[in-house]
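Asks: work26.cif is reproduced in full below (mmCIF, C-alpha atoms and all ligand atoms).
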```cif
data_protein
loop_
_atom_site.label_atom_id
_atom_site.label_comp_id
_atom_site.auth_asym_id
_atom_site.auth_seq_id
_atom_site.Cartn_x
_atom_site.Cartn_y
_atom_site.Cartn_z
CA MET I 200 26.15 -32.89 -11.38
CA LEU I 201 26.65 -32.24 -15.09
CA ILE I 202 23.39 -31.41 -16.73
CA ARG I 203 21.81 -33.85 -19.20
CA ALA I 204 21.44 -32.56 -22.74
CA LYS I 205 19.46 -35.40 -24.19
CA THR I 206 15.88 -34.87 -25.37
CA ILE I 207 15.83 -31.11 -25.50
CA PRO I 208 15.38 -29.55 -28.94
CA ILE I 209 18.57 -27.72 -29.68
CA ASN I 210 18.62 -24.14 -30.87
CA ARG I 211 22.20 -23.19 -31.54
CA ASP I 212 21.23 -19.72 -32.68
CA CYS I 213 21.73 -18.30 -29.22
CA PHE I 214 21.97 -14.76 -30.45
CA SER I 215 18.54 -14.43 -31.97
CA LEU I 216 16.50 -15.26 -28.92
CA GLN I 217 14.70 -11.94 -29.01
CA ASN I 218 13.28 -12.77 -32.43
CA ASN I 219 11.09 -15.50 -31.13
CA LEU I 220 10.57 -14.32 -27.60
CA LEU I 221 6.83 -14.24 -27.05
CA ILE I 222 6.54 -10.94 -28.82
CA SER I 223 2.80 -10.54 -28.39
CA ALA I 224 3.15 -10.65 -24.62
CA ILE I 225 5.97 -8.15 -24.66
CA LEU I 226 4.19 -5.60 -26.81
CA ASN I 227 1.21 -5.76 -24.53
CA TYR I 228 2.86 -3.21 -22.25
CA ASP I 229 2.17 0.51 -22.46
CA CYS I 230 4.61 3.18 -21.33
CA LEU I 231 4.91 6.93 -20.90
CA MET I 232 6.86 8.53 -23.71
CA PHE I 233 8.47 11.55 -22.04
CA LYS I 234 6.89 13.98 -24.49
CA THR I 235 7.77 17.19 -22.69
CA LEU I 236 11.17 16.02 -21.58
CA LYS I 237 12.09 15.16 -25.14
CA LYS I 238 11.74 18.80 -26.17
CA LYS I 239 13.63 20.18 -23.17
CA ASP I 240 16.25 17.76 -21.93
CA ARG I 241 17.29 15.49 -24.76
CA ILE I 242 20.14 13.72 -23.03
CA LEU I 243 17.97 12.57 -20.17
CA SER I 244 14.90 11.80 -22.26
CA SER I 245 17.01 9.65 -24.55
CA LEU I 246 18.37 7.67 -21.61
CA ALA I 247 14.89 7.29 -20.11
CA GLU I 248 13.48 6.08 -23.42
CA LYS I 249 16.28 3.58 -23.82
CA GLU I 250 15.51 2.22 -20.37
CA VAL I 251 11.82 1.83 -21.17
CA LYS I 252 12.72 0.04 -24.41
CA ARG I 253 15.10 -2.19 -22.49
CA GLN I 254 12.28 -3.10 -20.11
CA LYS I 255 9.91 -3.84 -23.01
CA ASN I 256 12.38 -6.10 -24.74
CA THR I 257 13.62 -8.00 -21.73
CA ILE I 258 12.25 -11.09 -20.09
CA ASP I 259 12.34 -10.08 -16.44
CA LEU I 260 12.61 -13.04 -14.08
CA ILE I 261 13.95 -11.02 -11.15
CA ALA I 262 11.73 -12.26 -8.34
CA SER I 263 11.46 -8.88 -6.62
CA GLU I 264 10.51 -6.88 -9.70
CA ASN I 265 7.19 -6.22 -11.37
CA ILE I 266 5.63 -3.79 -13.81
CA ALA I 267 3.87 -0.76 -12.36
CA PRO I 268 0.43 -0.32 -13.95
CA GLN I 269 -0.38 2.79 -15.97
CA GLY I 270 -2.56 4.31 -13.22
CA VAL I 271 0.32 4.01 -10.76
CA LEU I 272 2.67 5.72 -13.23
CA GLU I 273 0.15 8.52 -13.72
CA LEU I 274 -0.17 9.16 -10.00
CA LEU I 275 3.59 9.00 -9.43
CA GLY I 276 4.20 11.52 -12.20
CA SER I 277 1.45 13.92 -11.13
CA GLU I 278 1.17 17.16 -9.16
CA LEU I 279 0.56 15.02 -6.08
CA THR I 280 4.33 15.17 -5.64
CA ASN I 281 4.26 18.93 -4.96
CA LYS I 282 3.29 19.24 -1.33
CA TYR I 283 4.58 18.80 2.20
CA SER I 284 2.34 17.09 4.72
CA GLU I 285 4.50 15.94 7.65
CA GLY I 286 2.41 14.17 10.21
CA TYR I 287 -0.61 11.92 9.80
CA PRO I 288 -4.19 12.55 8.57
CA GLY I 289 -5.85 15.18 10.75
CA LYS I 290 -2.54 15.98 12.47
CA ARG I 291 -0.32 17.62 9.85
CA TYR I 292 2.39 20.21 10.32
CA TYR I 293 1.34 22.09 7.14
CA PRO I 294 -1.98 23.50 5.92
CA GLY I 295 -3.69 22.46 2.68
CA ASN I 296 -3.84 18.73 3.29
CA VAL I 297 -7.56 18.10 3.06
CA TYR I 298 -7.25 15.82 0.01
CA TYR I 299 -3.97 14.21 1.07
CA ASP I 300 -5.70 13.22 4.31
CA GLN I 301 -8.46 11.54 2.35
CA ILE I 302 -5.99 9.81 0.01
CA GLU I 303 -3.94 8.47 2.93
CA GLU I 304 -7.07 7.24 4.72
CA LEU I 305 -8.18 5.52 1.52
CA ALA I 306 -4.77 3.83 1.15
CA LYS I 307 -5.01 2.63 4.77
CA LYS I 308 -8.54 1.32 4.30
CA ARG I 309 -7.55 -0.60 1.15
CA ALA I 310 -4.38 -1.89 2.82
CA LEU I 311 -6.51 -3.47 5.55
CA LYS I 312 -9.10 -4.74 3.10
CA ILE I 313 -6.76 -6.80 0.91
CA PHE I 314 -5.92 -8.94 3.96
CA ARG I 315 -9.46 -8.91 5.38
CA LEU I 316 -8.33 -7.03 8.48
CA SER I 317 -10.41 -4.75 10.69
CA SER I 318 -9.19 -1.40 11.98
CA ARG I 319 -10.38 -2.57 15.40
CA ASN I 320 -7.52 -5.06 15.49
CA TRP I 321 -4.88 -3.68 13.16
CA HIS I 322 -3.29 -0.32 12.50
CA VAL I 323 -1.48 0.32 9.22
CA ASN I 324 1.19 2.87 8.36
CA VAL I 325 1.47 3.66 4.64
CA GLN I 326 4.21 6.30 4.75
CA ALA I 327 7.47 4.29 4.81
CA TYR I 328 9.61 5.11 1.77
CA SER I 329 10.85 1.53 1.36
CA GLY I 330 10.95 -1.92 2.91
CA ALA I 331 14.33 -1.42 4.58
CA VAL I 332 13.17 1.79 6.31
CA ALA I 333 9.89 0.13 7.28
CA ASN I 334 11.75 -2.76 8.92
CA LEU I 335 14.01 -0.34 10.74
CA ALA I 336 10.97 1.57 12.01
CA VAL I 337 9.53 -1.65 13.41
CA TYR I 338 12.80 -2.50 15.18
CA LEU I 339 13.16 1.00 16.62
CA SER I 340 9.58 0.98 17.89
CA VAL I 341 10.29 -1.77 20.45
CA LEU I 342 14.03 -2.49 20.53
CA LYS I 343 16.85 -0.57 22.10
CA PRO I 344 20.26 -0.60 20.37
CA GLY I 345 22.17 -3.73 21.35
CA GLU I 346 19.06 -5.88 21.89
CA THR I 347 18.76 -9.17 20.05
CA ILE I 348 16.99 -10.02 16.79
CA LEU I 349 16.65 -13.59 15.48
CA SER I 350 16.25 -13.73 11.69
CA MET I 351 16.96 -15.85 8.66
CA ASN I 352 20.53 -16.12 7.44
CA LEU I 353 21.14 -13.98 4.35
CA THR I 354 22.68 -16.87 2.41
CA ALA I 355 19.63 -19.03 3.16
CA GLY I 356 17.34 -16.41 1.63
CA GLY I 357 17.03 -13.77 4.37
CA HIS I 358 17.23 -10.04 3.68
CA LEU I 359 19.92 -7.39 4.24
CA SER I 360 17.58 -5.35 6.43
CA HIS I 361 17.03 -8.36 8.71
CA GLY I 362 20.30 -7.65 10.47
CA SER I 363 23.01 -8.29 7.93
CA LYS I 364 26.39 -7.01 9.10
CA VAL I 365 26.64 -4.63 6.13
CA SER I 366 23.30 -3.01 7.02
CA PHE I 367 22.79 -0.59 9.91
CA THR I 368 20.24 -3.08 11.22
CA GLY I 369 23.16 -5.45 11.84
CA LYS I 370 25.32 -2.75 13.41
CA LEU I 371 22.63 -1.39 15.74
CA PHE I 372 21.35 -4.71 17.07
CA ASN I 373 22.77 -8.03 18.17
CA VAL I 374 21.67 -10.40 15.43
CA VAL I 375 21.46 -14.19 15.51
CA HIS I 376 20.50 -16.15 12.39
CA TYR I 377 18.61 -19.38 11.72
CA GLY I 378 19.03 -21.34 8.50
CA VAL I 379 17.48 -24.10 6.44
CA ASP I 380 17.79 -27.88 6.62
CA LYS I 381 18.99 -30.27 3.90
CA ASN I 382 15.59 -30.14 2.16
CA TYR I 383 15.79 -26.38 2.17
CA ASP I 384 12.95 -26.10 4.68
CA ILE I 385 13.42 -23.52 7.42
CA ASP I 386 15.07 -25.34 10.32
CA TYR I 387 12.33 -24.67 12.86
CA GLY I 388 14.06 -26.87 15.45
CA GLU I 389 17.21 -24.79 15.23
CA LEU I 390 15.12 -21.62 15.27
CA GLU I 391 13.48 -22.65 18.54
CA LYS I 392 16.80 -23.67 20.12
CA LEU I 393 18.35 -20.32 19.16
CA ALA I 394 15.31 -18.47 20.46
CA ARG I 395 15.54 -20.24 23.83
CA LYS I 396 19.29 -19.70 24.04
CA HIS I 397 19.52 -16.05 22.95
CA LYS I 398 16.14 -14.77 24.18
CA PRO I 399 15.68 -12.32 21.28
CA LYS I 400 13.41 -9.34 21.67
CA MET I 401 12.25 -9.86 18.09
CA ILE I 402 11.99 -12.83 15.73
CA ILE I 403 11.69 -12.10 12.03
CA SER I 404 10.07 -14.46 9.58
CA GLY I 405 10.12 -13.74 5.86
CA ALA I 406 12.77 -13.81 3.21
CA SER I 407 13.82 -12.56 -0.17
CA ALA I 408 14.93 -15.85 -1.71
CA TYR I 409 13.02 -18.62 0.02
CA PRO I 410 10.92 -20.67 -2.44
CA LYS I 411 8.78 -22.64 0.01
CA LYS I 412 5.88 -21.83 2.30
CA ILE I 413 6.84 -20.28 5.62
CA ASN I 414 5.10 -21.64 8.70
CA PHE I 415 4.23 -18.32 10.31
CA GLU I 416 2.17 -20.08 12.96
CA LYS I 417 5.14 -22.10 14.16
CA ILE I 418 7.42 -19.05 14.28
CA GLY I 419 4.74 -16.94 15.99
CA LYS I 420 4.32 -19.61 18.68
CA ILE I 421 8.07 -19.80 19.28
CA ALA I 422 8.15 -16.00 19.60
CA LYS I 423 5.36 -16.14 22.21
CA LYS I 424 7.19 -18.83 24.19
CA VAL I 425 10.30 -16.67 24.53
CA SER I 426 8.43 -13.34 24.88
CA ALA I 427 9.71 -11.96 21.60
CA TYR I 428 7.83 -9.80 19.13
CA HIS I 429 7.16 -11.50 15.80
CA LEU I 430 7.65 -9.49 12.61
CA ALA I 431 6.57 -11.21 9.40
CA ASP I 432 8.23 -9.55 6.41
CA ILE I 433 6.04 -10.72 3.53
CA SER I 434 7.46 -8.35 0.92
CA HIS I 435 7.93 -11.19 -1.53
CA TYR I 436 4.64 -12.93 -0.87
CA ALA I 437 2.05 -10.25 0.00
CA GLY I 438 -0.09 -10.51 -3.13
CA LEU I 439 -0.06 -14.31 -2.89
CA VAL I 440 -1.12 -14.05 0.77
CA SER I 441 -4.00 -11.72 -0.07
CA ALA I 442 -5.28 -14.08 -2.78
CA GLY I 443 -4.91 -17.20 -0.60
CA TYR I 444 -1.89 -18.78 -2.33
CA TYR I 445 0.57 -18.37 0.55
CA PRO I 446 0.17 -18.81 4.34
CA TYR I 447 -1.56 -15.99 6.21
CA PRO I 448 0.73 -14.50 8.87
CA PHE I 449 -1.53 -11.98 10.58
CA LYS I 450 -2.97 -14.27 13.27
CA PHE I 451 0.53 -15.09 14.46
CA SER I 452 2.36 -11.76 14.22
CA ASP I 453 2.72 -8.51 16.11
CA PHE I 454 3.93 -6.74 12.97
CA VAL I 455 3.63 -7.53 9.28
CA MET I 456 5.64 -5.56 6.75
CA THR I 457 5.49 -5.64 2.99
CA THR I 458 6.85 -3.63 0.12
CA THR I 459 4.27 -2.56 -2.44
CA HIS I 460 6.12 -2.86 -5.75
CA LYS I 461 6.79 -6.61 -5.92
CA SER I 462 3.32 -8.10 -5.74
CA LEU I 463 0.81 -5.35 -4.90
CA PHE I 464 0.81 -3.54 -8.27
CA GLY I 465 2.21 -0.52 -6.48
CA PRO I 466 5.05 1.99 -6.57
CA ARG I 467 8.31 1.43 -4.64
CA ALA I 468 7.21 1.83 -1.03
CA ALA I 469 6.08 -0.18 1.98
CA LEU I 470 3.21 -0.91 4.35
CA ILE I 471 3.59 -1.67 8.05
CA TYR I 472 0.75 -3.51 9.80
CA ILE I 473 0.73 -3.30 13.58
CA SER I 474 -1.42 -5.49 15.81
CA LYS I 475 -3.59 -3.74 18.38
CA ASN I 476 -3.86 -6.98 20.35
CA SER I 477 -0.21 -7.87 20.92
CA SER I 478 -0.11 -9.68 24.25
CA LEU I 479 3.54 -8.72 24.71
CA ALA I 480 2.78 -5.04 24.10
CA LYS I 481 -0.05 -5.24 26.62
CA LYS I 482 2.31 -6.82 29.14
CA GLU I 483 4.89 -4.09 28.51
CA LYS I 484 2.11 -1.46 28.58
CA ILE I 485 3.16 0.09 25.29
CA ASP I 486 1.13 1.41 22.38
CA LEU I 487 2.62 -0.36 19.33
CA PRO I 488 0.76 1.61 16.62
CA LEU I 489 1.82 4.91 18.16
CA LEU I 490 5.44 3.78 18.53
CA VAL I 491 5.67 2.64 14.90
CA ASP I 492 4.03 5.81 13.58
CA LYS I 493 6.53 7.86 15.59
CA ALA I 494 9.45 5.74 14.40
CA VAL I 495 8.46 6.38 10.76
CA PHE I 496 7.79 10.09 11.31
CA PRO I 497 9.53 11.97 12.83
CA GLY I 498 11.94 9.14 13.71
CA LEU I 499 13.27 8.14 10.32
CA GLN I 500 11.54 10.22 7.68
CA GLY I 501 10.31 13.72 6.89
CA GLY I 502 7.37 14.53 4.65
CA PRO I 503 5.51 11.56 3.20
CA HIS I 504 5.61 11.05 -0.56
CA ASN I 505 1.96 11.72 -1.26
CA ASN I 506 2.15 10.80 -4.93
CA THR I 507 3.50 7.42 -3.84
CA ILE I 508 0.78 6.96 -1.20
CA ALA I 509 -1.88 7.67 -3.82
CA ALA I 510 -0.20 5.16 -6.15
CA ILE I 511 -0.17 2.59 -3.33
CA ALA I 512 -3.92 3.11 -2.92
CA HIS I 513 -4.45 2.40 -6.61
CA GLY I 514 -2.18 -0.66 -6.54
CA LEU I 515 -4.18 -2.06 -3.62
CA TRP I 516 -7.41 -1.52 -5.54
CA LEU I 517 -5.91 -3.54 -8.41
CA THR I 518 -4.71 -6.21 -5.97
CA ALA I 519 -8.25 -6.75 -4.71
CA LYS I 520 -9.55 -7.03 -8.28
CA ASN I 521 -6.91 -9.38 -9.71
CA LYS I 522 -6.97 -12.62 -7.72
CA LYS I 523 -6.56 -14.65 -10.94
CA TYR I 524 -3.24 -12.93 -11.60
CA TYR I 525 -1.78 -14.51 -8.45
CA ARG I 526 -3.02 -17.96 -9.44
CA GLN I 527 -1.21 -17.49 -12.75
CA VAL I 528 1.98 -16.28 -11.01
CA VAL I 529 2.12 -19.49 -8.96
CA ARG I 530 1.22 -21.71 -11.94
CA ASN I 531 3.89 -20.06 -14.06
CA ALA I 532 6.53 -20.55 -11.36
CA LYS I 533 5.57 -24.21 -10.95
CA VAL I 534 5.63 -24.92 -14.69
CA LEU I 535 8.93 -23.12 -15.30
CA CYS I 536 10.48 -24.87 -12.31
CA ALA I 537 9.19 -28.31 -13.37
CA GLU I 538 10.33 -27.83 -16.98
CA MET I 539 13.81 -26.79 -15.90
CA LYS I 540 14.00 -29.77 -13.56
CA LYS I 541 13.01 -32.09 -16.41
CA MET I 542 15.90 -30.65 -18.40
CA GLY I 543 18.28 -31.58 -15.63
CA PHE I 544 18.70 -28.24 -13.87
CA VAL I 545 19.29 -28.53 -10.14
CA VAL I 546 16.41 -26.78 -8.35
CA VAL I 547 17.38 -25.86 -4.80
CA GLY I 548 15.04 -27.63 -2.36
CA GLY I 549 13.54 -29.50 -5.31
CA LYS I 550 10.48 -27.29 -5.88
CA THR I 551 8.71 -24.00 -5.53
CA GLU I 552 5.65 -23.18 -3.43
CA SER I 553 5.59 -19.51 -4.33
CA HIS I 554 6.50 -17.16 -7.18
CA LEU I 555 10.21 -17.99 -7.07
CA PHE I 556 12.81 -20.73 -7.11
CA LEU I 557 16.57 -21.06 -7.10
CA VAL I 558 18.64 -23.00 -9.62
CA ASN I 559 22.08 -24.18 -8.58
CA VAL I 560 24.33 -23.72 -11.62
CA LEU I 561 27.66 -24.94 -10.24
CA GLY I 562 27.17 -28.29 -11.99
CA LEU I 563 27.16 -26.43 -15.31
CA GLY I 564 30.70 -25.29 -14.66
CA MET I 565 29.73 -21.73 -13.80
CA ASN I 566 28.68 -19.70 -10.79
CA GLY I 567 25.50 -17.65 -10.40
CA PHE I 568 27.23 -14.47 -11.47
CA GLU I 569 28.38 -16.02 -14.75
CA ALA I 570 24.93 -17.49 -15.40
CA GLU I 571 23.34 -14.09 -14.70
CA LYS I 572 25.62 -12.41 -17.24
CA MET I 573 25.04 -15.06 -19.93
CA LEU I 574 21.29 -14.74 -19.57
CA GLU I 575 21.43 -10.95 -19.54
CA LYS I 576 23.25 -10.97 -22.87
CA GLU I 577 20.27 -12.84 -24.30
CA GLY I 578 17.65 -10.50 -22.86
CA ILE I 579 16.71 -12.63 -19.87
CA LEU I 580 17.18 -11.19 -16.38
CA ALA I 581 17.52 -13.55 -13.41
CA ASN I 582 19.80 -12.44 -10.61
CA ARG I 583 22.59 -14.40 -8.97
CA ASN I 584 21.80 -15.68 -5.50
CA THR I 585 23.51 -17.48 -2.67
CA VAL I 586 22.54 -20.92 -1.52
CA PHE I 587 22.71 -21.58 2.24
CA GLY I 588 26.35 -21.81 3.24
CA ASP I 589 27.81 -19.96 0.23
CA ILE I 590 30.78 -17.86 1.24
CA SER I 591 30.84 -15.18 -1.44
CA PRO I 592 27.81 -13.19 -2.57
CA PHE I 593 29.89 -12.27 -5.64
CA LYS I 594 30.34 -15.88 -6.75
CA PRO I 595 27.19 -17.55 -5.45
CA SER I 596 26.00 -20.99 -6.50
CA ALA I 597 22.60 -20.09 -7.89
CA ILE I 598 20.34 -17.86 -9.87
CA ARG I 599 16.94 -16.77 -8.54
CA ILE I 600 13.95 -16.95 -10.86
CA GLY I 601 10.56 -15.36 -10.20
CA THR I 602 7.37 -14.93 -12.20
CA TYR I 603 5.65 -11.71 -11.11
CA ALA I 604 6.88 -9.55 -13.98
CA VAL I 605 6.48 -12.11 -16.77
CA THR I 606 2.95 -12.84 -15.56
CA SER I 607 2.20 -9.11 -15.65
CA LYS I 608 3.31 -9.19 -19.29
CA GLY I 609 0.60 -11.77 -19.95
CA MET I 610 2.71 -14.91 -20.09
CA LYS I 611 1.14 -18.27 -19.30
CA GLU I 612 2.14 -21.93 -18.90
CA LYS I 613 2.96 -22.46 -22.60
CA ASP I 614 5.26 -19.43 -22.51
CA MET I 615 7.02 -20.85 -19.46
CA LYS I 616 7.78 -24.02 -21.42
CA LYS I 617 9.33 -21.96 -24.20
CA LEU I 618 11.22 -19.91 -21.69
CA ALA I 619 12.67 -23.02 -20.03
CA LYS I 620 14.01 -24.10 -23.42
CA LYS I 621 15.56 -20.71 -24.02
CA ILE I 622 17.28 -20.74 -20.66
CA TYR I 623 18.52 -24.21 -21.47
CA ASN I 624 19.84 -23.02 -24.82
CA VAL I 625 21.71 -20.13 -23.23
CA LEU I 626 23.18 -21.94 -20.21
CA VAL I 627 23.69 -25.42 -21.59
CA VAL I 628 23.61 -25.67 -25.39
CA CYS I 629 25.55 -22.53 -26.25
CA ARG I 630 28.00 -23.20 -23.48
CA HIS I 631 28.63 -26.89 -23.94
CA GLY I 632 27.61 -27.19 -27.63
N1 LIG I 701 16.26 -6.50 -3.40
C1 LIG I 701 15.00 -7.16 -3.10
C2 LIG I 701 15.04 -8.59 -3.49
O1 LIG I 701 15.67 -8.87 -4.48
O2 LIG I 701 14.45 -9.43 -2.85
C3 LIG I 701 14.58 -6.97 -1.72
O3 LIG I 701 14.92 -5.73 -1.23
#
```
Here is a file; write its structure as structure tokens.
Ligand code: DSN
Replies:
Amino acid sequence: MLIRAKTIPINRDCFSLQNNLLISAILNYDCLMFKTLKKKDRILSSLAEKEVKRQKNTIDLIASENIAPQGVLELLGSELTNKYSEGYPGKRYYPGNVYYDQIEELAKKRALKIFRLSSRNWHVNVQAYSGAVANLAVYLSVLKPGETILSMNLTAGGHLSHGSKVSFTGKLFNVVHYGVDKNYDIDYGELEKLARKHKPKMIISGASAYPKKINFEKIGKIAKKVSAYHLADISHYAGLVSAGYYPYPFKFSDFVMTTTHKSLFGPRAALIYISKNSSLAKKEKIDLPLLVDKAVFPGLQGGPHNNTIAAIAHGLWLTAKNKKYYRQVVRNAKVLCAEMKKMGFVVVGGKTESHLFLVNVLGLGMNGFEAEKMLEKEGILANRNTVFGDISPFKPSAIRIGTYAVTSKGMKEKDMKKLAKKIYNVLVVCRHG
């Protein structure tokens, strides 16, 4: 599996990558400068400034990260953080929420709009502090402790909050995992067999390191056959779904969850969509929207972060206006993936159908952790990742590469070609000479 080093132009000056790293794209990124903080709390302002500089001067290929737009930063850092408003619009436990009510309603309206959903058929909760809490709220709305969840194996690309043993979701519930086949497609046959055997109360589709398109229809149908609820966690793909570049899960799901910071131009938070037409909920005579709202508050959280909810609303407005961005994200991922393949890198599953792909680096004589560190030294961030079957998350076989953040910095196909060469220089040329 040793990588070929033949026709690639060699740049042995591995330590000056930043000098020719697409500077125009990088500088095209505004930031807050901590003016007041600088005068009052120098130690902290200096650290914060260093972090912003680090972000500006780094090529961020971490598939779950993106760059919050200026309007989002303004809302997050505003007086909207000052107030308590436990409860939901029109039903708060504190006075003075007339504008928060309107902001939350606006966020909900925009959350439905980006997926072309009607409030007749879908309810949306915009208060969850993060994706992990949002998933837990969904589980607690319909599952009792000890009941069974069927979800994707973590090493195949699943997520900690989908019932990993180290997460409370894995301690509270009985969790069974499906994996991927030799082509790195979800093993839908195995999924169905496991569903029939274990009769889960919930099946989760969605992943944090799965490069291909997920067949939500197939998984939704399997869930129906075994009378399980279907939760689609589209945290990684939401923006692509809204713009039509990734399969649409809503027709086949009882719940859809997404974080807002990866692909929806938002702050760090989450949205939970709940179907009002779930046949299973009707059979069980339960009110899913009410149960999820209650699980979020007062079940798991206290007062909503209103500055964050306002920032979500703005991110969703940007999502609706920026369909071309998502086309570029997918194009960039495809070009970077294809270029790296041409250079001899081993792309897990052979391709990408989304914003991300995995590169198995074992053939280069290193593990994913070592590759991550080498790239970081050169100002390129791509995190280590397991490949299905890996034993240790600390020495996994791969690195994960995603294109949301670099696309937000204005990079295009030609930049991806340069980037592929730089990665090659760092991982192959400088290592093997
Ligand atoms: N940590 C995120 C990811 O990398 O996918 C998800 O929580």
Asks: Name the residues, by chain letter and number, that sit within 9 Å of ligand LIG 701 (chain I) using all atoms listed in the file, and give them as an NGL selection string.
Replies: :I and (261-264 or 329-331 or 356-360 or 406-408 or 434-435 or 458 or 461 or 582 or 599)
Asks: Hey, which of I:Thr551, I:Val628, I:Ala581, I:Pro503 ends up closest to I:Tyr328? Count all atoms listed in the file.
Replies: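 Checking each of I:Thr551, I:Val628, I:Ala581, I:Pro503 against I:Tyr328, counting all atoms listed in the file, the winner is I:Pro503.
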Asks: Please compute the atom CA of I:Gln527-atom CA of I:Met539 distance, one decimal, in Å.
Replies: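 Distance reported for this atom pair: 17.9 Å.
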Asks: Which of these residues is nearest to I:Lys608, using all atoms listed in the file: I:Asp384, I:Glu571, I:Tyr524, I:Gly443?
Replies: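 Nearest to I:Lys608: I:Tyr524.
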Asks: Would you mind telling me which residue in I:Gly388, I:Gly548, I:Gly543, I:Pro448 lies nearest to I:Phe587 when using all atoms listed in the file?
Replies: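 For I:Phe587, the nearest of the given residues is I:Gly548.
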Asks: May I have the residues within 9 Å of I:Ala333 as a list in words, using only C-alpha atoms and disregarding those fewer than 6 positions away in the same chain?
Replies: Gln326, Ala327, Met456, Thr457, Thr458, Ala468, Ala469, Leu470, Ile471 and Val495 of chain I
Asks: Please save C-alpha atoms of the selected residues as a short mmCIF file (atom, residue, chain, number, x, y, z; two decimals), in the coordinates of the input.
Replies:
```cif
data_model
loop_
_atom_site.label_atom_id
_atom_site.label_comp_id
_atom_site.auth_asym_id
_atom_site.auth_seq_id
_atom_site.Cartn_x
_atom_site.Cartn_y
_atom_site.Cartn_z
CA GLN I 326 4.21 6.30 4.75
CA ALA I 327 7.47 4.29 4.81
CA MET I 456 5.64 -5.56 6.75
CA THR I 457 5.49 -5.64 2.99
CA THR I 458 6.85 -3.63 0.12
CA ALA I 468 7.21 1.83 -1.03
CA ALA I 469 6.08 -0.18 1.98
CA LEU I 470 3.21 -0.91 4.35
CA ILE I 471 3.59 -1.67 8.05
CA VAL I 495 8.46 6.38 10.76
#
```
Asks: Dig up all the protein and nucleic acid residues within 12 Å of (1.6, 5.1, 14.8) in the file frame, using all atoms listed in the file, and format them as a PyMOL selection string.
Replies: chain I and resi 286-288+290+321-327+336-337+340+471-475+485-498
Asks: Would you save the residues of that selection, restricted to C-alpha atoms, as a compact mmCIF listing (two decimals), in the frame of the given file?
Replies:
```
# COMPACT_ATOMS: atom_id res chain seq x y z
CA GLY I 286 2.41 14.17 10.21
CA TYR I 287 -0.61 11.92 9.80
CA PRO I 288 -4.19 12.55 8.57
CA LYS I 290 -2.54 15.98 12.47
CA TRP I 321 -4.88 -3.68 13.16
CA HIS I 322 -3.29 -0.32 12.50
CA VAL I 323 -1.48 0.32 9.22
CA ASN I 324 1.19 2.87 8.36
CA VAL I 325 1.47 3.66 4.64
CA GLN I 326 4.21 6.30 4.75
CA ALA I 327 7.47 4.29 4.81
CA ALA I 336 10.97 1.57 12.01
CA VAL I 337 9.53 -1.65 13.41
CA SER I 340 9.58 0.98 17.89
CA ILE I 471 3.59 -1.67 8.05
CA TYR I 472 0.75 -3.51 9.80
CA ILE I 473 0.73 -3.30 13.58
CA SER I 474 -1.42 -5.49 15.81
CA LYS I 475 -3.59 -3.74 18.38
CA ILE I 485 3.16 0.09 25.29
CA ASP I 486 1.13 1.41 22.38
CA LEU I 487 2.62 -0.36 19.33
CA PRO I 488 0.76 1.61 16.62
CA LEU I 489 1.82 4.91 18.16
CA LEU I 490 5.44 3.78 18.53
CA VAL I 491 5.67 2.64 14.90
CA ASP I 492 4.03 5.81 13.58
CA LYS I 493 6.53 7.86 15.59
CA ALA I 494 9.45 5.74 14.40
CA VAL I 495 8.46 6.38 10.76
CA PHE I 496 7.79 10.09 11.31
CA PRO I 497 9.53 11.97 12.83
CA GLY I 498 11.94 9.14 13.71
```
Asks: When distances are computed from all atoms listed in the file, which of I:Lys482, I:Lys364, I:Arg526, I:Lys424 shows the smallest separation from I:Lys392?
Replies: I:Lys424
Asks: Please return stretch 383-388 of chain I, rebuilt to N, CA, C and O atoms, as a JSON list (two decimals), in the coordinates of the input.
Replies:
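Here's the written file out14.json:
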```json
[["chain", "number", "residue", "atom", "x", "y", "z"],
["I", 383, "TYR", "N", 16.00, -27.80, 2.36],
["I", 383, "TYR", "CA", 15.79, -26.38, 2.17],
["I", 383, "TYR", "C", 14.47, -25.91, 2.79],
["I", 383, "TYR", "O", 13.82, -24.96, 2.34],
["I", 384, "ASP", "N", 14.05, -26.60, 3.86],
["I", 384, "ASP", "CA", 12.95, -26.10, 4.68],
["I", 384, "ASP", "C", 13.58, -25.30, 5.81],
["I", 384, "ASP", "O", 14.67, -25.66, 6.29],
["I", 385, "ILE", "N", 12.90, -24.25, 6.27],
["I", 385, "ILE", "CA", 13.42, -23.52, 7.42],
["I", 385, "ILE", "C", 13.64, -24.52, 8.55],
["I", 385, "ILE", "O", 12.80, -25.39, 8.80],
["I", 386, "ASP", "N", 14.76, -24.42, 9.22],
["I", 386, "ASP", "CA", 15.07, -25.34, 10.32],
["I", 386, "ASP", "C", 14.39, -24.82, 11.59],
["I", 386, "ASP", "O", 14.99, -24.08, 12.38],
["I", 387, "TYR", "N", 13.11, -25.21, 11.75],
["I", 387, "TYR", "CA", 12.33, -24.67, 12.86],
["I", 387, "TYR", "C", 12.86, -25.14, 14.22],
["I", 387, "TYR", "O", 12.74, -24.45, 15.23],
["I", 388, "GLY", "N", 13.47, -26.35, 14.20],
["I", 388, "GLY", "CA", 14.06, -26.87, 15.45],
["I", 388, "GLY", "C", 15.21, -25.98, 15.89],
["I", 388, "GLY", "O", 15.32, -25.59, 17.06]]
```
